[in-house]
$ cat my_file.txt   # compact mmCIF, C-alpha atoms
# COMPACT_ATOMS: atom_id res chain seq x y z
CA ALA G 223 206.46 161.88 74.34
CA VAL G 224 204.87 158.65 73.21
CA ALA G 225 201.41 157.95 74.57
CA VAL G 226 201.22 154.47 76.03
CA ARG G 227 197.92 152.76 76.72
CA ALA G 228 197.37 152.21 80.45
CA GLY G 229 198.66 148.90 81.67
CA THR G 230 200.45 147.81 78.53
CA ALA G 231 203.81 149.56 79.03
CA ALA G 232 205.35 146.90 81.25
CA GLY G 233 203.69 144.04 79.41
CA LEU G 234 200.79 144.02 81.88
CA PRO G 235 197.30 143.36 80.53
CA ALA G 236 195.14 146.42 79.96
CA LEU G 237 192.74 147.05 82.84
CA ALA G 238 189.64 144.95 82.27
CA GLN G 239 186.69 147.05 81.20
CA PRO G 240 183.27 146.60 82.82
CA ILE G 241 180.91 144.62 80.60
CA THR G 242 177.28 144.87 79.62
CA LEU G 243 175.44 141.89 81.12
CA SER G 244 172.98 140.85 78.44
CA ILE G 245 170.44 138.40 79.88
CA ILE G 246 167.76 136.36 78.17
CA ASP G 247 165.18 134.91 80.57
CA VAL G 248 162.98 132.19 79.11
CA GLY G 249 161.93 130.49 82.36
CA GLY G 250 160.73 133.33 84.60
CA ASP G 251 163.92 133.16 86.66
CA LEU G 252 164.23 136.92 87.15
CA SER G 253 161.20 136.95 89.46
CA SER G 254 163.49 135.07 91.88
CA THR G 255 166.95 136.42 91.01
CA GLN G 256 166.68 139.96 89.63
CA ALA G 257 167.44 141.47 93.06
CA ILE G 258 170.64 139.39 93.19
CA VAL G 259 171.78 140.62 89.76
CA GLU G 260 171.14 144.21 90.89
CA ASN G 261 173.05 143.65 94.14
CA TYR G 262 176.04 142.35 92.18
CA ARG G 263 175.97 145.27 89.75
CA LYS G 264 175.85 147.81 92.59
CA ALA G 265 178.71 146.07 94.42
CA ASN G 266 180.84 145.69 91.26
CA PRO G 267 180.62 148.81 89.07
CA ASN G 268 184.09 147.94 87.76
CA LYS G 269 182.72 144.65 86.38
CA ILE G 270 179.18 145.43 85.20
CA LYS G 271 178.36 148.76 83.58
CA ASP G 272 174.88 147.92 82.34
CA VAL G 273 172.29 145.14 82.48
CA ARG G 274 170.07 144.41 79.50
CA ILE G 275 167.16 141.98 79.72
CA GLN G 276 165.13 140.26 77.05
CA ARG G 277 162.55 137.51 77.29
CA ALA G 278 161.42 134.80 74.89
CA PRO G 279 159.45 131.54 74.94
CA GLN G 280 161.67 128.55 75.83
CA PRO G 281 161.30 126.66 72.51
CA GLN G 282 162.58 129.67 70.53
CA LEU G 283 165.80 129.98 72.51
CA PRO G 284 168.04 127.32 70.90
CA ALA G 285 167.37 128.63 67.37
CA LYS G 286 167.77 132.27 68.47
CA ILE G 287 171.17 131.54 70.05
CA LYS G 288 172.24 129.35 67.09
CA ALA G 289 171.53 132.17 64.62
CA GLN G 290 173.75 134.50 66.67
CA GLN G 291 176.47 131.84 67.05
CA ASP G 292 176.46 131.10 63.31
CA ALA G 293 176.76 134.83 62.56
CA GLY G 294 179.57 135.19 65.12
CA ARG G 295 177.63 138.01 66.80
CA LEU G 296 176.25 137.06 70.21
CA ASP G 297 174.18 139.75 71.88
CA ILE G 298 173.41 137.46 74.85
CA ASN G 299 176.00 136.41 77.42
CA LEU G 300 173.83 134.96 80.20
CA ILE G 301 170.93 132.56 79.68
CA MET G 302 168.29 131.98 82.37
CA THR G 303 166.17 128.98 81.47
CA GLY G 304 163.97 126.15 82.64
CA GLN G 305 164.65 122.51 81.90
CA ALA G 306 163.13 122.41 78.41
CA ALA G 307 165.44 124.87 76.62
CA ALA G 308 168.41 123.75 78.72
CA SER G 309 167.97 120.17 77.55
CA ALA G 310 167.74 121.22 73.90
CA MET G 311 170.83 123.45 74.07
CA ILE G 312 172.92 120.85 75.91
CA GLY G 313 171.90 118.32 73.25
CA ASN G 314 172.94 120.78 70.51
CA GLY G 315 176.32 121.54 72.13
CA GLN G 316 175.56 125.27 72.36
CA LEU G 317 176.72 125.97 75.93
CA VAL G 318 180.06 126.59 77.66
CA ARG G 319 180.93 123.71 80.02
CA LEU G 320 181.06 125.06 83.59
CA LEU G 321 181.85 121.88 85.54
CA PRO G 322 184.15 120.34 86.58
CA ASP G 323 186.54 123.16 85.49
CA HIS G 324 185.00 125.84 87.73
CA GLU G 325 183.67 123.57 90.49
CA LYS G 326 185.71 125.32 93.20
CA LEU G 327 183.80 128.56 92.60
CA PHE G 328 180.47 127.07 93.62
CA PRO G 329 179.33 125.92 97.10
CA ILE G 330 178.08 122.56 95.81
CA ASP G 331 178.50 120.90 99.24
CA ASP G 332 175.91 123.39 100.55
CA PHE G 333 173.34 122.56 97.86
CA THR G 334 170.04 121.02 98.92
CA GLU G 335 169.42 117.42 97.78
CA ALA G 336 166.98 118.75 95.18
CA ALA G 337 169.60 121.22 93.91
CA LYS G 338 172.25 118.48 93.65
CA ALA G 339 169.84 116.38 91.58
CA HIS G 340 168.99 119.41 89.44
CA LEU G 341 172.70 120.12 88.93
CA LYS G 342 173.37 116.54 87.86
CA GLU G 343 170.66 116.69 85.18
CA GLY G 344 172.52 119.60 83.59
CA GLU G 345 175.60 117.51 82.75
CA GLY G 346 178.00 120.30 83.80
CA PHE G 347 176.70 122.89 81.31
CA VAL G 348 174.27 124.73 83.60
CA ILE G 349 174.18 125.93 87.21
CA PRO G 350 170.89 125.82 89.17
CA SER G 351 169.77 129.21 90.47
CA VAL G 352 166.55 128.16 92.23
CA VAL G 353 164.85 124.84 92.84
CA SER G 354 161.71 123.32 94.36
CA ASN G 355 159.96 119.99 94.72
CA GLY G 356 157.84 120.93 91.71
CA GLY G 357 154.76 118.87 90.95
CA PRO G 358 152.48 117.66 89.51
CA VAL G 359 149.61 119.27 91.38
CA PHE G 360 146.21 120.14 89.95
CA ILE G 361 144.90 123.65 90.65
CA PHE G 362 141.11 123.91 90.76
CA ASN G 363 138.31 126.39 91.33
CA PRO G 364 136.43 125.15 94.44
CA LYS G 365 133.20 126.86 93.32
CA LYS G 366 133.17 124.85 90.09
CA VAL G 367 134.79 121.63 91.35
CA PRO G 368 133.30 120.72 94.75
CA SER G 369 134.97 117.28 94.87
CA PRO G 370 138.23 117.24 92.88
CA PRO G 371 139.47 114.00 91.28
CA LYS G 372 141.87 111.98 93.42
CA THR G 373 142.92 109.28 90.96
CA ALA G 374 143.92 109.25 87.31
CA GLN G 375 140.68 107.46 86.39
CA ASP G 376 138.68 110.08 88.33
CA LEU G 377 140.52 112.80 86.38
CA LEU G 378 139.63 111.17 83.06
CA ALA G 379 135.99 110.75 84.10
CA TRP G 380 135.86 114.36 85.29
CA ALA G 381 137.40 115.68 82.04
CA LYS G 382 134.88 113.63 80.03
CA ALA G 383 131.96 114.96 82.10
CA ASN G 384 133.28 118.55 81.83
CA PRO G 385 134.77 118.80 78.32
CA GLY G 386 137.05 121.79 77.77
CA LYS G 387 137.28 122.59 81.48
CA PHE G 388 140.65 120.91 82.13
CA PHE G 389 143.69 122.62 80.63
CA TYR G 390 147.47 122.33 80.47
CA ALA G 391 150.07 123.98 78.28
CA ARG G 392 152.38 122.38 75.71
CA PRO G 393 155.11 120.72 77.85
CA ALA G 394 158.03 122.18 75.84
CA ASN G 395 156.79 125.66 76.84
CA SER G 396 155.63 125.00 80.38
CA GLY G 397 156.93 123.68 83.71
CA PRO G 398 153.44 122.58 84.82
CA GLY G 399 152.84 121.01 81.39
CA THR G 400 156.11 119.07 81.69
CA SER G 401 155.34 118.08 85.26
CA ILE G 402 151.92 116.57 84.58
CA VAL G 403 153.24 114.52 81.64
CA VAL G 404 156.39 113.27 83.42
CA GLY G 405 154.39 112.71 86.63
CA LEU G 406 151.69 110.54 85.06
CA PRO G 407 153.78 107.33 84.69
CA TYR G 408 154.18 107.27 88.50
CA ILE G 409 150.48 107.97 89.11
CA LEU G 410 149.44 105.31 86.56
CA GLY G 411 151.98 102.72 87.73
CA ASP G 412 153.59 102.52 84.29
CA LYS G 413 156.36 100.02 83.48
CA ASP G 414 159.31 102.43 83.73
CA PRO G 415 158.55 106.06 84.67
CA ARG G 416 162.12 107.09 83.71
CA ASP G 417 161.81 105.80 80.13
CA PRO G 418 159.32 107.72 77.95
CA GLU G 419 160.28 105.67 74.89
CA ASN G 420 159.76 102.12 76.15
CA GLY G 421 158.20 102.42 79.62
CA TRP G 422 155.17 104.69 79.19
CA ASP G 423 152.54 102.59 77.40
CA LYS G 424 149.80 103.54 79.89
CA THR G 425 150.86 107.19 79.95
CA TRP G 426 150.82 107.79 76.18
CA ALA G 427 147.42 106.08 75.92
CA PHE G 428 146.06 108.11 78.85
CA LEU G 429 147.35 111.44 77.44
CA LYS G 430 145.69 110.76 74.08
CA GLU G 431 142.40 109.84 75.75
CA LEU G 432 142.52 112.88 78.02
CA GLY G 433 143.30 115.03 74.98
CA GLN G 434 139.85 114.34 73.55
CA TYR G 435 138.41 116.55 76.28
CA ILE G 436 140.98 119.38 76.05
CA GLU G 437 140.01 122.21 73.73
CA TYR G 438 143.57 123.19 72.78
CA TYR G 439 147.09 123.36 74.24
CA PRO G 440 148.46 126.90 74.69
CA THR G 441 152.16 127.74 74.31
CA GLY G 442 152.77 128.87 77.85
CA THR G 443 151.65 128.52 81.45
CA LEU G 444 150.42 132.12 81.60
CA PHE G 445 147.60 131.37 79.15
CA THR G 446 146.34 128.57 81.41
CA LEU G 447 146.36 130.93 84.40
CA ARG G 448 144.45 133.64 82.52
CA GLU G 449 141.72 131.32 81.31
CA PHE G 450 141.47 129.75 84.77
CA ALA G 451 141.08 133.22 86.32
CA GLN G 452 138.32 134.01 83.80
CA GLU G 453 136.56 130.72 84.74
CA GLN G 454 136.83 129.41 81.17
CA ARG G 455 138.79 126.51 82.70
CA TRP G 456 138.01 124.95 86.07
CA MET G 457 141.16 122.89 86.63
CA ILE G 458 144.73 123.31 85.33
CA ALA G 459 148.12 121.64 85.72
CA GLY G 460 150.38 123.20 88.34
CA ILE G 461 153.66 123.01 90.21
CA MET G 462 154.51 124.65 93.54
CA GLU G 463 155.90 127.84 91.99
CA TRP G 464 153.02 128.27 89.53
CA ASP G 465 150.46 127.58 92.25
CA MET G 466 151.70 130.03 94.90
CA LYS G 467 153.16 132.88 92.83
CA PRO G 468 150.01 133.52 90.73
CA ARG G 469 147.88 133.70 93.89
CA ALA G 470 150.38 136.07 95.54
CA GLU G 471 150.38 138.29 92.44
CA ALA G 472 146.56 138.15 92.08
CA VAL G 473 146.83 136.50 88.64
CA VAL G 474 144.42 133.79 89.85
CA PRO G 475 141.84 134.00 92.66
CA PRO G 476 143.34 133.54 96.15
CA GLU G 477 140.74 130.90 97.01
CA SER G 478 142.07 128.49 94.31
CA LYS G 479 142.84 125.07 95.76
CA ILE G 480 145.05 122.14 94.78
CA THR G 481 144.47 118.42 94.60
CA ILE G 482 147.31 115.89 94.58
CA GLN G 483 146.62 112.58 92.84
CA GLU G 484 147.04 109.25 94.59
CA ASN G 485 150.50 107.72 93.94
CA THR G 486 151.99 111.12 93.06
CA THR G 487 155.77 111.32 92.94
CA PHE G 488 157.02 114.92 92.89
CA LEU G 489 159.44 115.88 90.11
CA ILE G 490 162.04 118.47 90.99
CA ASP G 491 161.61 121.75 89.16
CA GLY G 492 164.05 124.61 88.89
CA HIS G 493 165.80 127.22 86.80
CA TYR G 494 169.32 127.25 85.37
CA TRP G 495 171.93 129.82 84.41
CA ALA G 496 174.14 129.09 81.41
CA ILE G 497 176.65 130.81 79.11
CA PRO G 498 176.35 130.35 75.34
CA LYS G 499 179.46 129.30 73.41
CA GLY G 500 181.07 132.27 71.70
CA VAL G 501 181.03 134.66 74.69
CA PRO G 502 184.50 136.29 75.10
CA GLN G 503 186.63 135.02 77.99
CA ASN G 504 186.66 138.36 79.85
CA GLU G 505 182.84 138.26 79.95
CA ILE G 506 182.81 134.58 80.98
CA ASP G 507 185.09 135.40 83.94
CA ILE G 508 182.74 138.11 85.21
CA ILE G 509 179.61 135.97 84.71
CA LEU G 510 181.26 133.10 86.63
CA ASP G 511 181.92 135.56 89.45
CA LEU G 512 178.27 136.64 89.32
CA MET G 513 177.19 132.97 89.50
CA LYS G 514 179.41 132.48 92.55
CA PHE G 515 177.84 135.57 94.16
CA MET G 516 174.30 134.39 93.29
CA LEU G 517 174.85 131.09 95.14
CA GLN G 518 175.88 132.64 98.47
CA PRO G 519 173.35 132.23 101.33
CA ASP G 520 172.75 135.97 101.82
CA GLN G 521 171.75 136.31 98.15
CA GLN G 522 169.96 132.97 97.84
CA GLN G 523 167.58 133.85 100.69
CA LEU G 524 166.14 136.59 98.43
CA THR G 525 164.92 133.94 95.97
CA TRP G 526 162.11 132.89 98.31
CA ARG G 527 160.08 135.82 96.93
CA GLY G 528 159.62 133.89 93.67
CA PHE G 529 158.03 130.91 95.52
CA ILE G 530 160.53 128.45 94.09
CA GLY G 531 163.29 128.63 96.68
CA PRO G 532 167.05 128.55 97.10
CA VAL G 533 169.56 125.94 95.98
CA ASN G 534 171.77 126.73 99.00
CA LYS G 535 170.47 124.91 102.09
CA LYS G 536 171.89 127.65 104.37
CA ALA G 537 169.36 130.11 102.89
CA THR G 538 166.32 128.93 104.86
CA LEU G 539 163.06 130.86 104.93
CA ALA G 540 163.86 131.74 108.56
CA THR G 541 166.98 133.61 107.37
CA ALA G 542 165.12 135.59 104.70
CA PRO G 543 164.24 139.26 105.27
CA ALA G 544 161.04 139.67 107.32
CA ASP G 545 159.00 141.11 104.43
CA ILE G 546 159.81 138.10 102.20
CA ARG G 547 159.16 135.67 105.05
CA ASP G 548 155.70 137.15 105.76
CA TYR G 549 154.83 137.29 102.05
CA VAL G 550 155.70 133.61 101.49
CA LYS G 551 153.92 132.42 104.64
CA GLU G 552 150.71 134.15 103.54
CA PHE G 553 150.48 132.07 100.34
CA TRP G 554 152.20 128.84 101.38
CA ARG G 555 150.03 125.72 101.51
CA PRO G 556 150.12 123.12 104.30
CA GLU G 557 150.32 120.45 101.57
CA TYR G 558 153.88 121.66 100.91
CA ASP G 559 155.08 121.17 104.51
CA ASP G 560 157.38 118.19 105.26
CA MET G 561 157.06 116.97 101.69
CA ASP G 562 159.99 114.58 101.91
CA LYS G 563 158.09 112.73 104.64
CA LYS G 564 154.84 112.56 102.67
CA PHE G 565 155.95 111.99 99.09
CA LYS G 566 158.64 110.43 96.97
CA ILE G 567 160.63 113.23 95.32
CA VAL G 568 162.76 112.45 92.25
CA PRO G 569 164.79 114.36 89.66
CA MET G 570 163.25 115.42 86.36
CA LEU G 571 164.05 113.18 83.37
CA GLU G 572 167.57 113.60 82.09
CA VAL G 573 168.18 115.86 79.11
CA ARG G 574 167.87 113.48 76.17
CA LYS G 575 164.83 111.65 77.54
CA LEU G 576 163.10 114.96 78.22
CA THR G 577 163.78 116.07 74.64
CA TYR G 578 162.37 112.76 73.36
CA MET G 579 159.23 113.27 75.48
CA PHE G 580 158.69 116.81 74.14
CA ASP G 581 159.01 115.67 70.53
CA ARG G 582 156.74 112.65 70.95
CA TRP G 583 154.12 114.65 72.87
CA ASP G 584 154.09 117.27 70.07
CA LYS G 585 153.58 114.59 67.41
CA GLU G 586 151.21 112.19 69.15
CA VAL G 587 149.29 114.24 71.71
CA GLY G 588 149.48 117.94 70.83
CA ALA G 589 149.52 117.43 67.06
CA GLN G 590 146.79 119.67 65.61
CA LYS G 591 145.76 121.14 68.99
CA ILE G 592 148.77 123.32 69.86
CA LYS G 593 147.64 126.94 69.58
CA ARG G 594 150.56 129.29 69.04
CA GLN G 595 149.75 132.57 70.75
$ encode --input "my_file.txt" --output "C-alpha cells"
Amino acid sequence: AVAVRAGTAAGLPALAQPITLSIIDVGGDLSSTQAIVENYRKANPNKIKDVRIQRAPQPQLPAKIKAQQDAGRLDINLIMTGQAAASAMIGNGQLVRLLPDHEKLFPIDDFTEAAKAHLKEGEGFVIPSVVSNGGPVFIFNPKKVPSPPKTAQDLLAWAKANPGKFFYARPANSGPGTSIVVGLPYILGDKDPRDPENGWDKTWAFLKELGQYIEYYPTGTLFTLREFAQEQRWMIAGIMEWDMKPRAEAVVPPESKITIQENTTFLIDGHYWAIPKGVPQNEIDIILDLMKFMLQPDQQQLTWRGFIGPVNKKATLATAPADIRDYVKEFWRPEYDDMDKKFKIVPMLEVRKLTYMFDRWDKEVGAQKIKRQ
C-alpha cells in the first residue's frame, strides 16, 4: 500500500497546521489585550498551538524587523505598537496592507470616532486595538507643586524656578513625550498645529527654551514614572493611560494629580496591530481571524483594564465585567468625564509628519541630552 499524506489524495489541501503566534509588543498593548489573545488561543487550539512574546523599545522595531526581512527569516508574525514605530514602518514599506482588502472582517462601522481617526492615520497597514483621547496632561506631585502651572508661560517660569524638576521622555520612545510636543502648538496658538515643518515656529522655540531646565531626556515613559515616584522629578508629561495605569499599579503615588493647560487640544492616542511583510499566507489568515476576534464587543470590553479603552463603541465600561468596572472607577479622574464637551479632540499627526517631528526633535531639542538607558 502507498502511504498518502492526509488531505492530498483527492487534490485537497493538507489540513492547516496550528501556528505559533510570535508577538512583539513595543507599545505596552498586552496590558490591554493579552486576555483577548489567550481567549482566542483557548477557543482555537486548531489555529494557535503556542504564543511567544517579546518586547523591545519602539525605535528599535523597524531595524529589528528589517534585519529579519532581509535575511528571509521572520521570527515575528504579529506586531503590537504605538504610533511612533507604526509610522516608521509604514514609511519604510515593511507592513502587509490590511485595508481595504480585508475590510469586511472588521466592524469598522462600530468603531468610536477616536478609533476611526486612529485607523485613518494608519493608511490601511495597521488595525487599532485600543484607543483613548490621550493628552497632553501634566502629572504633578501636590506636595511639591501646590499651585501647578496653567499656561505655557507659567510652565516655562515654573521649570526655570525649579530646574531639573520637570521631565518628559524622548518622543520617539514615549506616548506622553509625543503628546506634549504635538500638543504644544495648540496650547501656544502656533500658525499651523498640523504642520511641524512650517507651522511650529513658537513650538520649536519653546521646546528649546524649556530644554534648558530639563536635566536629560530618558528613552521611555517608565523612567519618567520611576523618577517621579522617587521625588527626583515633581512634574512629568502624561496621557490618560499613563496617568491612570501607573496609579492603579502603584508605580506612582495614588495622590498624584494632573493639570491641563489652557487651550489644550487632546490628541488621540492608541495602539495598533500589524503584520510584517514576509509572514506566510497561512499565518496571515489566522492572524486576521484573531484581529477580527479582538475587535468584537465581548473581547473589547476587557481592554478597559489597561486604562486606554476599546475601539468598539459597543464595549462600554458598563458592559465590562464587574471587577474591571470597579477597578477602573477607582482610578478614573473627573477631568476625563464628558471630554468631548469640554475639549477639542483631534487625531495624532499623520505618519510622515510624525516621523519628521521625531527626527527634528532629536536633532534640535534632544541632541546631546537623550540618555539611552
$ closest_residue --input "my_file.txt" --among "G:Gly346, G:Gly304, G:Pro468, G:Gly433" --to "Asp323 (chain G)" --atoms "only C-alpha atoms"
G:Gly346
$ atom_distance --input "my_file.txt" --atom1 "CA of Asp507 (chain G)" --atom2 "CA of Ile275 (chain G)"
19.6 Å
$ closest_residue --input "my_file.txt" --among "G:Leu576, G:Ala265, G:Val587, G:Leu510" --to "Phe428 (chain G)" --atoms "only C-alpha atoms"
G:Val587
$ atom_distance --input "my_file.txt" --atom1 "CA of Leu444 (chain G)" --atom2 "CA of Ser396 (chain G)"
8.9 Å
$ closest_residue --input "my_file.txt" --among "G:Thr373, G:Thr446, G:Ser309, G:Thr255" --to "Trp526 (chain G)" --atoms "all atoms listed in the file"
G:Thr255
$ atom_distance --input "my_file.txt" --atom1 "CA of Met462 (chain G)" --atom2 "CA of Ile509 (chain G)"
28.9 Å
$ closest_residue --input "my_file.txt" --among "G:Lys286, G:Lys264, G:Lys326, G:Arg416" --to "Val573 (chain G)" --atoms "all atoms listed in the file"
G:Arg416
$ residues_around --input "my_file.txt" --residues "Ala427 (chain G)" --least-positions-apart "2" --cutoff "12 Å" --atoms "only C-alpha atoms" --output "ChimeraX atom specification"
/G:378,403,406-407,410,412,421-425,429-434,583,586-587
$ residues_near_point --input "my_file.txt" --point "(181.9, 123.1, 84.4)" --cutoff "10 Å" --atoms "all atoms listed in the file" --output "VMD selection string"
chain G and resid 318 to 326 345 to 349
